[in-house]
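One file, work_28.csv, is given below (CSV, C-alpha atoms and all ligand atoms).
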```csv
chain,number,residue,atom,x,y,z
Z,1,MET,CA,0.0,0.0,0.0
Z,2,SER,CA,1.5,3.3,-1.0
Z,3,LYS,CA,1.9,5.9,1.8
Z,4,ILE,CA,0.9,9.5,1.2
Z,5,GLY,CA,2.0,12.4,3.4
Z,6,ILE,CA,-0.7,15.0,4.2
Z,7,MET,CA,0.8,18.5,4.6
Z,8,GLY,CA,-2.2,20.5,5.9
Z,9,GLY,CA,-2.0,24.2,6.7
Z,10,THR,CA,-3.4,27.6,6.4
Z,11,PHE,CA,-0.5,28.6,4.0
Z,12,ASP,CA,-1.1,32.3,4.5
Z,13,PRO,CA,1.3,32.3,2.7
Z,14,VAL,CA,3.1,28.9,2.0
Z,15,HIS,CA,6.9,29.2,2.8
Z,16,THR,CA,10.2,27.4,2.7
Z,17,GLY,CA,9.6,25.9,6.1
Z,18,HIS,CA,6.5,24.0,4.8
Z,19,LEU,CA,8.3,22.8,1.7
Z,20,LEU,CA,11.4,21.6,3.5
Z,21,ALA,CA,9.3,19.9,6.2
Z,22,ALA,CA,7.3,18.1,3.4
Z,23,GLU,CA,10.5,17.0,1.6
Z,24,LYS,CA,12.3,15.8,4.7
Z,25,ALA,CA,9.2,13.8,5.7
Z,26,ARG,CA,8.9,12.3,2.2
Z,27,GLU,CA,12.5,11.2,2.1
Z,28,GLN,CA,12.8,9.9,5.7
Z,29,CYS,CA,9.5,8.1,5.9
Z,30,GLY,CA,9.5,6.7,2.3
Z,31,LEU,CA,6.3,8.6,1.3
Z,32,GLN,CA,5.3,8.2,-2.3
Z,33,GLU,CA,3.8,11.7,-2.5
Z,34,VAL,CA,3.0,14.6,-0.3
Z,35,TRP,CA,-0.4,16.2,-0.7
Z,36,PHE,CA,-0.7,19.8,0.4
Z,37,ILE,CA,-4.2,20.6,1.7
Z,38,PRO,CA,-5.0,24.3,2.4
Z,39,SER,CA,-7.6,24.7,5.2
Z,40,TYR,CA,-10.7,26.7,4.5
Z,41,MET,CA,-11.1,27.6,8.1
Z,42,PRO,CA,-8.2,26.4,10.5
Z,43,PRO,CA,-9.8,24.8,13.6
Z,44,LEU,CA,-7.6,26.3,16.3
Z,45,LYS,CA,-6.4,29.6,15.0
Z,46,ALA,CA,-7.9,32.7,16.6
Z,47,ASN,CA,-8.0,34.8,13.5
Z,48,GLU,CA,-9.3,34.1,10.0
Z,49,PRO,CA,-6.8,33.8,7.2
Z,50,GLY,CA,-5.5,37.1,5.9
Z,51,VAL,CA,-6.1,36.4,2.2
Z,52,SER,CA,-8.8,34.4,0.4
Z,53,SER,CA,-8.7,30.6,0.1
Z,54,GLU,CA,-8.3,31.0,-3.7
Z,55,HIS,CA,-5.1,32.9,-3.2
Z,56,ARG,CA,-3.8,30.5,-0.5
Z,57,TYR,CA,-4.5,27.6,-2.9
Z,58,GLY,CA,-2.9,29.6,-5.8
Z,59,MET,CA,0.3,30.2,-3.8
Z,60,VAL,CA,0.6,26.5,-2.8
Z,61,GLU,CA,0.0,25.5,-6.5
Z,62,ALA,CA,2.9,27.9,-7.5
Z,63,ALA,CA,5.1,26.5,-4.7
Z,64,VAL,CA,4.7,22.8,-5.5
Z,65,ALA,CA,4.9,23.0,-9.3
Z,66,THR,CA,8.7,22.1,-9.3
Z,67,ASN,CA,8.4,18.9,-7.3
Z,68,ASP,CA,6.8,15.8,-9.0
Z,69,ALA,CA,6.1,14.2,-5.6
Z,70,PHE,CA,4.0,17.2,-4.4
Z,71,ARG,CA,0.4,18.0,-5.2
Z,72,VAL,CA,-2.2,20.4,-3.9
Z,73,LEU,CA,-5.8,19.4,-3.1
Z,74,ASP,CA,-8.8,21.7,-2.8
Z,75,ILE,CA,-10.8,19.1,-0.7
Z,76,GLU,CA,-11.1,21.4,2.4
Z,77,LEU,CA,-11.8,24.5,0.3
Z,78,LYS,CA,-14.6,22.8,-1.5
Z,79,ARG,CA,-16.1,21.4,1.8
Z,80,GLY,CA,-16.1,24.8,3.5
Z,81,GLY,CA,-16.7,25.3,7.2
Z,82,ILE,CA,-14.2,24.4,9.9
Z,83,SER,CA,-11.5,22.2,8.3
Z,84,TYR,CA,-11.3,19.3,10.8
Z,85,SER,CA,-8.6,16.9,9.8
Z,86,TYR,CA,-10.8,13.9,10.9
Z,87,ASP,CA,-13.3,14.9,8.2
Z,88,THR,CA,-10.6,15.3,5.6
Z,89,VAL,CA,-8.8,12.1,6.3
Z,90,SER,CA,-12.1,10.1,6.4
Z,91,GLU,CA,-12.9,11.6,2.9
Z,92,LEU,CA,-9.4,10.7,1.6
Z,93,ILE,CA,-9.6,7.1,2.8
Z,94,LYS,CA,-13.0,6.7,1.0
Z,95,ARG,CA,-11.7,8.3,-2.2
Z,96,TYR,CA,-8.3,6.5,-2.3
Z,97,PRO,CA,-8.8,3.0,-0.9
Z,98,GLY,CA,-5.3,1.8,-1.9
Z,99,ARG,CA,-3.4,4.4,0.1
Z,100,SER,CA,-2.3,4.9,3.7
Z,101,PHE,CA,-1.9,8.4,5.1
Z,102,ALA,CA,0.6,10.1,7.4
Z,103,TYR,CA,-0.2,13.6,8.7
Z,104,ILE,CA,2.9,15.9,8.7
Z,105,ILE,CA,3.0,18.5,11.5
Z,106,GLY,CA,5.4,21.0,13.0
Z,107,SER,CA,6.1,21.1,16.7
Z,108,ASP,CA,3.4,23.7,17.5
Z,109,ARG,CA,0.8,21.3,16.2
Z,110,ILE,CA,2.4,18.3,17.9
Z,111,ASN,CA,2.0,20.1,21.2
Z,112,ASP,CA,-1.7,20.8,20.6
Z,113,LEU,CA,-2.6,17.4,19.1
Z,114,CYS,CA,-4.8,16.5,22.1
Z,115,LYS,CA,-7.1,19.4,21.3
Z,116,TRP,CA,-7.8,18.2,17.8
Z,117,HIS,CA,-11.4,17.2,16.9
Z,118,ARG,CA,-12.1,13.5,17.4
Z,119,ILE,CA,-8.3,12.9,17.9
Z,120,GLU,CA,-8.7,9.3,19.2
Z,121,GLU,CA,-10.5,8.3,16.0
Z,122,LEU,CA,-8.2,10.3,13.8
Z,123,ALA,CA,-5.2,8.5,15.3
Z,124,GLU,CA,-6.7,5.2,14.3
Z,125,LEU,CA,-6.8,6.4,10.6
Z,126,VAL,CA,-3.4,8.1,10.3
Z,127,THR,CA,0.1,8.2,11.7
Z,128,PHE,CA,1.8,11.5,12.4
Z,129,ILE,CA,5.2,12.7,11.2
Z,130,GLY,CA,6.6,15.6,13.4
Z,131,LEU,CA,9.2,18.2,12.7
Z,132,GLU,CA,10.9,20.7,15.1
Z,133,ARG,CA,10.2,24.4,14.7
Z,134,PRO,CA,12.8,26.6,16.6
Z,135,ALA,CA,10.1,28.8,18.1
Z,136,GLU,CA,8.3,26.0,19.9
Z,137,PRO,CA,10.2,22.8,20.9
Z,138,ALA,CA,8.2,19.6,20.5
Z,139,GLN,CA,7.1,18.0,23.8
Z,140,PRO,CA,6.1,14.5,22.6
Z,141,GLY,CA,6.7,13.2,26.2
Z,142,GLN,CA,3.6,15.2,27.2
Z,143,LEU,CA,1.3,13.3,24.8
Z,144,PRO,CA,-0.9,10.4,25.8
Z,145,SER,CA,0.5,7.0,24.8
Z,146,PHE,CA,-2.0,6.4,22.0
Z,147,LEU,CA,-0.5,9.5,20.2
Z,148,LYS,CA,3.1,8.9,21.2
Z,149,GLN,CA,2.9,5.5,19.5
Z,150,ARG,CA,1.6,7.0,16.3
Z,151,LEU,CA,4.2,9.8,16.1
Z,152,THR,CA,7.6,9.6,14.3
Z,153,ILE,CA,9.9,12.7,14.6
Z,154,VAL,CA,12.0,13.3,11.5
Z,155,GLU,CA,15.2,15.4,11.3
Z,156,MET,CA,15.2,18.8,9.6
Z,157,PRO,CA,17.5,21.8,10.0
Z,158,PRO,CA,15.4,24.1,12.1
Z,159,ILE,CA,13.8,26.8,10.0
Z,160,GLY,CA,12.7,29.9,11.9
Z,161,ILE,CA,10.2,31.0,9.3
Z,162,SER,CA,6.5,31.5,9.9
Z,163,SER,CA,3.7,32.9,7.7
Z,164,THR,CA,3.1,35.5,10.5
Z,165,ASP,CA,6.6,36.8,10.1
Z,166,ILE,CA,6.3,36.8,6.3
Z,167,ARG,CA,3.0,38.7,6.4
Z,168,ASN,CA,4.5,41.3,8.8
Z,169,ARG,CA,7.5,41.7,6.7
Z,170,LEU,CA,5.5,42.2,3.5
Z,171,THR,CA,3.2,44.7,5.2
Z,172,ALA,CA,6.3,46.6,6.4
Z,173,GLY,CA,7.8,46.6,2.9
Z,174,HIS,CA,10.7,44.3,3.9
Z,175,SER,CA,12.2,41.5,1.8
Z,176,VAL,CA,10.9,37.9,2.0
Z,177,GLN,CA,13.1,36.7,-0.8
Z,178,TYR,CA,14.3,33.1,-0.1
Z,179,MET,CA,11.8,32.8,2.7
Z,180,VAL,CA,9.3,31.8,0.0
Z,181,PRO,CA,10.0,30.3,-3.4
Z,182,ASP,CA,10.4,32.8,-6.2
Z,183,THR,CA,7.2,31.6,-7.8
Z,184,VAL,CA,5.3,32.4,-4.6
Z,185,LEU,CA,6.9,35.8,-4.4
Z,186,GLU,CA,5.9,36.5,-8.0
Z,187,TYR,CA,2.3,35.4,-7.2
Z,188,ILE,CA,2.2,37.7,-4.1
Z,189,ARG,CA,3.5,40.7,-6.2
Z,190,ARG,CA,1.1,40.0,-9.1
Z,191,TYR,CA,-2.0,40.2,-6.8
Z,192,GLY,CA,-0.6,42.8,-4.4
Z,193,LEU,CA,-1.2,40.5,-1.4
Z,194,TYR,CA,-0.3,41.5,2.2
Z,195,GLU,CA,0.5,45.1,1.2
Z,196,SER,CA,-0.2,47.8,3.7
Z,197,ARG,CA,-3.3,49.8,2.8
Z,198,ALA,CA,-3.6,53.5,3.2
Z,199,ASP,CA,-6.4,53.1,5.8
Z,200,ASP,CA,-4.4,50.7,8.0
Z,301,LIG,N1,9.3,26.5,9.7
Z,301,LIG,C1,8.6,25.4,9.9
Z,301,LIG,N2,9.2,24.2,10.2
Z,301,LIG,C2,8.5,23.1,10.3
Z,301,LIG,N3,7.1,23.0,10.2
Z,301,LIG,C3,6.5,24.1,10.0
Z,301,LIG,C4,7.1,25.3,9.7
Z,301,LIG,N4,6.2,26.3,9.5
Z,301,LIG,C5,5.0,25.7,9.5
Z,301,LIG,N5,5.1,24.4,9.8
Z,301,LIG,C6,4.1,23.4,10.0
Z,301,LIG,O1,3.3,23.4,8.8
Z,301,LIG,C7,1.9,23.3,9.1
Z,301,LIG,C8,1.1,24.4,8.5
Z,301,LIG,O2,1.5,25.6,9.1
Z,301,LIG,P1,0.8,27.0,8.9
Z,301,LIG,O3,0.3,27.1,7.5
Z,301,LIG,O4,-0.1,27.3,10.0
Z,301,LIG,O5,2.1,28.0,8.9
Z,301,LIG,P2,2.7,28.9,10.1
Z,301,LIG,O6,4.0,29.5,9.6
Z,301,LIG,O7,2.6,28.2,11.4
Z,301,LIG,O8,1.5,30.1,10.1
Z,301,LIG,P3,1.2,31.3,11.1
Z,301,LIG,O9,2.5,32.0,11.4
Z,301,LIG,O10,0.2,32.1,10.3
Z,301,LIG,O11,0.6,30.6,12.3
Z,301,LIG,C9,1.8,23.1,10.6
Z,301,LIG,O12,1.8,21.8,11.0
Z,301,LIG,C10,3.1,23.8,11.1
Z,301,LIG,O13,3.5,23.3,12.3
Z,302,LIG,O1,-8.8,18.8,13.2
Z,302,LIG,C1,-8.5,19.6,14.1
Z,302,LIG,O2,-9.1,19.7,15.1
Z,302,LIG,C2,-7.2,20.3,13.8
Z,302,LIG,C3,-6.7,21.2,14.8
Z,302,LIG,C4,-5.6,22.0,14.5
Z,302,LIG,C5,-4.9,21.8,13.3
Z,302,LIG,N1,-5.4,20.9,12.4
Z,302,LIG,C6,-4.8,20.8,11.1
Z,302,LIG,O3,-3.4,20.9,11.2
Z,302,LIG,C7,-2.9,21.5,10.0
Z,302,LIG,C8,-2.0,22.7,10.4
Z,302,LIG,O4,-2.8,23.6,11.1
Z,302,LIG,P1,-2.5,25.2,11.1
Z,302,LIG,O5,-3.5,25.8,12.1
Z,302,LIG,O6,-1.1,25.2,11.7
Z,302,LIG,O7,-2.5,25.7,9.7
Z,302,LIG,C9,-4.1,21.9,9.2
Z,302,LIG,O8,-4.3,20.9,8.2
Z,302,LIG,C10,-5.2,21.9,10.2
Z,302,LIG,O9,-6.5,21.6,9.6
Z,302,LIG,C11,-6.5,20.2,12.6
```
Is it possible to give me this structure as structure tokens?
Amino acid sequence: MSKIGIMGGTFDPVHTGHLLAAEKAREQCGLQEVWFIPSYMPPLKANEPGVSSEHRYGMVEAAVATNDAFRVLDIELKRGGISYSYDTVSELIKRYPGRSFAYIIGSDRINDLCKWHRIEELAELVTFIGLERPAEPAQPGQLPSFLKQRLTIVEMPPIGISSTDIRNRLTAGHSVQYMVPDTVLEYIRRYGLYESRADD
């Protein structure tokens, strides 16, 4: 059975940290492909995404175009509402019966896994691949054993890049070159995303 990595995120915007995490997970866990799934409405974030789901999808599409093992799916954008991973994974299992799925997450999401919707049932459907983010060290020891058993941590050079930082930099008129792929930077410039407005 071929194993697919799910790289879910808000991608507001997608950045080099997401891409390197997906590639390290693919290589170290023998994933056939990684499917990037932009959320319509992220379940645990306090604020709504800064740009439309069409633009977040468009930026991911631009980012993954150069990697044959990467794809982007609009499954959560089409479903609408709060993008619970349990719903997404259940739908993927129905649509792709010959595949198994591993959910790729950074350390901030490892640490809040217990708060995810229907987490016990989700953990029966997927395994988790975790990667360190410098801003928030992973604390897998704090997880209940049913999650610890399902989690594999993979190595990655820590990348201190976040979408929040990129949004702030763009609004302030600072460079984000090399923090996002050139294709994503071109997309951002083409649509004037994250620019400060006169009434801000
Ligand atoms: N630099 C990074 N290194 C490893 N994993 C990351 C990195 N940035 C994001 N991730 C992981 O990618 C997934 C999607 O992240 P998300 O789209 O929320 O980006 P973000 O940079 O955390 O955004 P924001 O700053 O807006 O909260 C999450 O599992 C997150 O932990
Ligand atoms: O299903 C949940 O309850 C849940 C709670 C938090 C995060 N997630 C998923 O984890 C992925 C990363 O989330 P985020 O908020 O960092 O963009 C994304 O696919 C979210 O849908 C899922």
Contacts of ligand LIG 301 (chain Z), 7 Å or closer, all atoms listed in the file, given as a PDB file with C-alpha atoms, in the frame of the given file:
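Produced file pocket-v6.pdb, reproduced below:
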```pdb
ATOM      1  CA  MET Z   7       0.800  18.500   4.600  1.00  0.00           C
ATOM      2  CA  GLY Z   8      -2.200  20.500   5.900  1.00  0.00           C
ATOM      3  CA  GLY Z   9      -2.000  24.200   6.700  1.00  0.00           C
ATOM      4  CA  THR Z  10      -3.400  27.600   6.400  1.00  0.00           C
ATOM      5  CA  PHE Z  11      -0.500  28.600   4.000  1.00  0.00           C
ATOM      6  CA  ASP Z  12      -1.100  32.300   4.500  1.00  0.00           C
ATOM      7  CA  VAL Z  14       3.100  28.900   2.000  1.00  0.00           C
ATOM      8  CA  GLY Z  17       9.600  25.900   6.100  1.00  0.00           C
ATOM      9  CA  HIS Z  18       6.500  24.000   4.800  1.00  0.00           C
ATOM     10  CA  ALA Z  21       9.300  19.900   6.200  1.00  0.00           C
ATOM     11  CA  ILE Z 104       2.900  15.900   8.700  1.00  0.00           C
ATOM     12  CA  ILE Z 105       3.000  18.500  11.500  1.00  0.00           C
ATOM     13  CA  GLY Z 106       5.400  21.000  13.000  1.00  0.00           C
ATOM     14  CA  SER Z 107       6.100  21.100  16.700  1.00  0.00           C
ATOM     15  CA  ASP Z 108       3.400  23.700  17.500  1.00  0.00           C
ATOM     16  CA  ARG Z 109       0.800  21.300  16.200  1.00  0.00           C
ATOM     17  CA  LEU Z 131       9.200  18.200  12.700  1.00  0.00           C
ATOM     18  CA  GLU Z 132      10.900  20.700  15.100  1.00  0.00           C
ATOM     19  CA  ARG Z 133      10.200  24.400  14.700  1.00  0.00           C
ATOM     20  CA  PRO Z 158      15.400  24.100  12.100  1.00  0.00           C
ATOM     21  CA  ILE Z 159      13.800  26.800  10.000  1.00  0.00           C
ATOM     22  CA  GLY Z 160      12.700  29.900  11.900  1.00  0.00           C
ATOM     23  CA  ILE Z 161      10.200  31.000   9.300  1.00  0.00           C
ATOM     24  CA  SER Z 162       6.500  31.500   9.900  1.00  0.00           C
ATOM     25  CA  SER Z 163       3.700  32.900   7.700  1.00  0.00           C
ATOM     26  CA  THR Z 164       3.100  35.500  10.500  1.00  0.00           C
ATOM     27  CA  ASP Z 165       6.600  36.800  10.100  1.00  0.00           C
TER      28      ASP Z 165
END
```
So that each row is one residue of chain Z with an atom at most 10 Å from ligand LIG 302 (chain Z), can you give its shortest atom pair and the distance in Å to one decimal, using all atoms listed in the file, rows by chain and rising number, as a tab-separated table?
```
residue	atom	partner	partner_atom	distance
Z:Ile6	CA	Z:LIG302	O8	8.0
Z:Met7	CA	Z:LIG302	O8	6.7
Z:Gly8	CA	Z:LIG302	O8	3.1
Z:Gly9	CA	Z:LIG302	O7	3.4
Z:Thr10	CA	Z:LIG302	O7	3.9
Z:Phe11	CA	Z:LIG302	O7	6.7
Z:Asp12	CA	Z:LIG302	O7	8.5
Z:Phe36	CA	Z:LIG302	O8	8.7
Z:Ile37	CA	Z:LIG302	O8	6.5
Z:Pro38	CA	Z:LIG302	O8	6.8
Z:Ser39	CA	Z:LIG302	O9	5.5
Z:Tyr40	CA	Z:LIG302	O9	8.3
Z:Met41	CA	Z:LIG302	O9	7.7
Z:Pro42	CA	Z:LIG302	O5	5.0
Z:Pro43	CA	Z:LIG302	C3	4.9
Z:Leu44	CA	Z:LIG302	C4	5.1
Z:Lys45	CA	Z:LIG302	O5	5.6
Z:Ala46	CA	Z:LIG302	O5	9.3
Z:Pro49	CA	Z:LIG302	O7	9.5
Z:Glu76	CA	Z:LIG302	O9	8.5
Z:Ile82	CA	Z:LIG302	O9	8.2
Z:Ser83	CA	Z:LIG302	O9	5.2
Z:Tyr84	CA	Z:LIG302	O1	3.5
Z:Ser85	CA	Z:LIG302	O1	3.9
Z:Tyr86	CA	Z:LIG302	O1	5.8
Z:Asp87	CA	Z:LIG302	O1	7.8
Z:Thr88	CA	Z:LIG302	O9	8.5
Z:Val89	CA	Z:LIG302	O1	9.6
Z:Tyr103	CA	Z:LIG302	O3	8.4
Z:Ile104	CA	Z:LIG302	C7	8.2
Z:Ile105	CA	Z:LIG302	C8	6.6
Z:Gly106	CA	Z:LIG302	O6	7.8
Z:Ser107	CA	Z:LIG302	O6	9.7
Z:Asp108	CA	Z:LIG302	O6	7.5
Z:Arg109	CA	Z:LIG302	O6	6.3
Z:Ile110	CA	Z:LIG302	O3	9.2
Z:Asp112	CA	Z:LIG302	C4	7.3
Z:Leu113	CA	Z:LIG302	C3	7.1
Z:Cys114	CA	Z:LIG302	O2	8.8
Z:Lys115	CA	Z:LIG302	O2	6.5
Z:Trp116	CA	Z:LIG302	O2	3.4
Z:His117	CA	Z:LIG302	O2	3.8
Z:Arg118	CA	Z:LIG302	O2	7.3
Z:Ile119	CA	Z:LIG302	O2	7.4
Z:Leu122	CA	Z:LIG302	O1	8.5
Z:Ser163	CA	Z:LIG302	O7	9.7
```
(message) Need the shell around Leu31 (chain Z): protein/DNA/RNA residues with any atom at most 6 Å away, counting all atoms listed in the file. Skip same-chain ones fewer than 5 positions apart. Format as a list in words?
(response)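 Listed by chain and then number, they are Lys3, Ile4 and Arg26 of chain Z.
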Could you write out the selected residues, including C-alpha atoms, as a PDB file, keeping the file's coordinate frame?
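Produced file part39.pdb, reproduced below:
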```pdb
ATOM      1  CA  LYS Z   3       1.900   5.900   1.800  1.00  0.00           C
ATOM      2  CA  ILE Z   4       0.900   9.500   1.200  1.00  0.00           C
ATOM      3  CA  ARG Z  26       8.900  12.300   2.200  1.00  0.00           C
TER       4      ARG Z  26
END
```
Judged by only C-alpha atoms, the minimum distance to Pro157 (chain Z) among Z:Ile129, Z:Ser53, Z:Pro134, Z:Ala63 is found for Z:Pro134
For this session: Would you work out the distance separating CA of Ala172 (chain Z) from CA of Leu19 (chain Z), expressed in Å to one decimal?
Result: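 Atom-to-atom, CA of Ala172 (chain Z) and CA of Leu19 (chain Z) are spaced 24.3 Å apart.
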Protein and nucleic acid residues near (-0.1, 32.6, -1.8) (cut-off 10 Å, all atoms listed in the file) as a PDB file with C-alpha atoms, in the frame of the given file:
```pdb
ATOM      1  CA  PHE Z  11      -0.500  28.600   4.000  1.00  0.00           C
ATOM      2  CA  ASP Z  12      -1.100  32.300   4.500  1.00  0.00           C
ATOM      3  CA  PRO Z  13       1.300  32.300   2.700  1.00  0.00           C
ATOM      4  CA  VAL Z  14       3.100  28.900   2.000  1.00  0.00           C
ATOM      5  CA  HIS Z  15       6.900  29.200   2.800  1.00  0.00           C
ATOM      6  CA  VAL Z  51      -6.100  36.400   2.200  1.00  0.00           C
ATOM      7  CA  SER Z  52      -8.800  34.400   0.400  1.00  0.00           C
ATOM      8  CA  SER Z  53      -8.700  30.600   0.100  1.00  0.00           C
ATOM      9  CA  GLU Z  54      -8.300  31.000  -3.700  1.00  0.00           C
ATOM     10  CA  HIS Z  55      -5.100  32.900  -3.200  1.00  0.00           C
ATOM     11  CA  ARG Z  56      -3.800  30.500  -0.500  1.00  0.00           C
ATOM     12  CA  TYR Z  57      -4.500  27.600  -2.900  1.00  0.00           C
ATOM     13  CA  GLY Z  58      -2.900  29.600  -5.800  1.00  0.00           C
ATOM     14  CA  MET Z  59       0.300  30.200  -3.800  1.00  0.00           C
ATOM     15  CA  VAL Z  60       0.600  26.500  -2.800  1.00  0.00           C
ATOM     16  CA  GLU Z  61       0.000  25.500  -6.500  1.00  0.00           C
ATOM     17  CA  ALA Z  62       2.900  27.900  -7.500  1.00  0.00           C
ATOM     18  CA  ALA Z  63       5.100  26.500  -4.700  1.00  0.00           C
ATOM     19  CA  VAL Z 180       9.300  31.800   0.000  1.00  0.00           C
ATOM     20  CA  THR Z 183       7.200  31.600  -7.800  1.00  0.00           C
ATOM     21  CA  VAL Z 184       5.300  32.400  -4.600  1.00  0.00           C
ATOM     22  CA  LEU Z 185       6.900  35.800  -4.400  1.00  0.00           C
ATOM     23  CA  GLU Z 186       5.900  36.500  -8.000  1.00  0.00           C
ATOM     24  CA  TYR Z 187       2.300  35.400  -7.200  1.00  0.00           C
ATOM     25  CA  ILE Z 188       2.200  37.700  -4.100  1.00  0.00           C
ATOM     26  CA  ARG Z 189       3.500  40.700  -6.200  1.00  0.00           C
ATOM     27  CA  TYR Z 191      -2.000  40.200  -6.800  1.00  0.00           C
ATOM     28  CA  LEU Z 193      -1.200  40.500  -1.400  1.00  0.00           C
ATOM     29  CA  TYR Z 194      -0.300  41.500   2.200  1.00  0.00           C
TER      30      TYR Z 194
END
```
*Between CA of Glu33 (chain Z) and CA of Leu77 (chain Z), measure the distance and give it in Å to one decimal.*
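CA of Glu33 (chain Z) sits 20.4 Å away from CA of Leu77 (chain Z).
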Selection near Gly173 (chain Z), 10 Å with all atoms listed in the file, sequence-local residues under 6 positions removed, as a PyMOL selection string = chain Z and resi 167+194-196
**Message:** Give me the residues near Gln149 (chain Z) as a ChimeraX atom specification, where near means some atom within 12 Å (using all atoms listed in the file) and where sequence neighbours in that chain fewer than 5 positions away do not count.
**Reply:** /Z:123-124,126-129,140-141,143-144
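For the choices Z:Leu125, Z:Val34, Z:Met179, Z:Val64, the atom-to-atom distance to Ile93 (chain Z) is smallest for Z:Leu125 when using all atoms listed in the file.
Close contacts of Lys24 (chain Z), defined as residues with an atom at most 9 Å away when counting all atoms listed in the file, with chain neighbours fewer than 6 positions off set aside, comprise Z:Leu131, Z:Val154, Z:Glu155, Z:Met156.
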| How many Å lie between CA of Asn67 (chain Z) and CA of Ala25 (chain Z), rounded to one decimal? |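 One can read the CA of Asn67 (chain Z) to CA of Ala25 (chain Z) distance as 14.0 Å.
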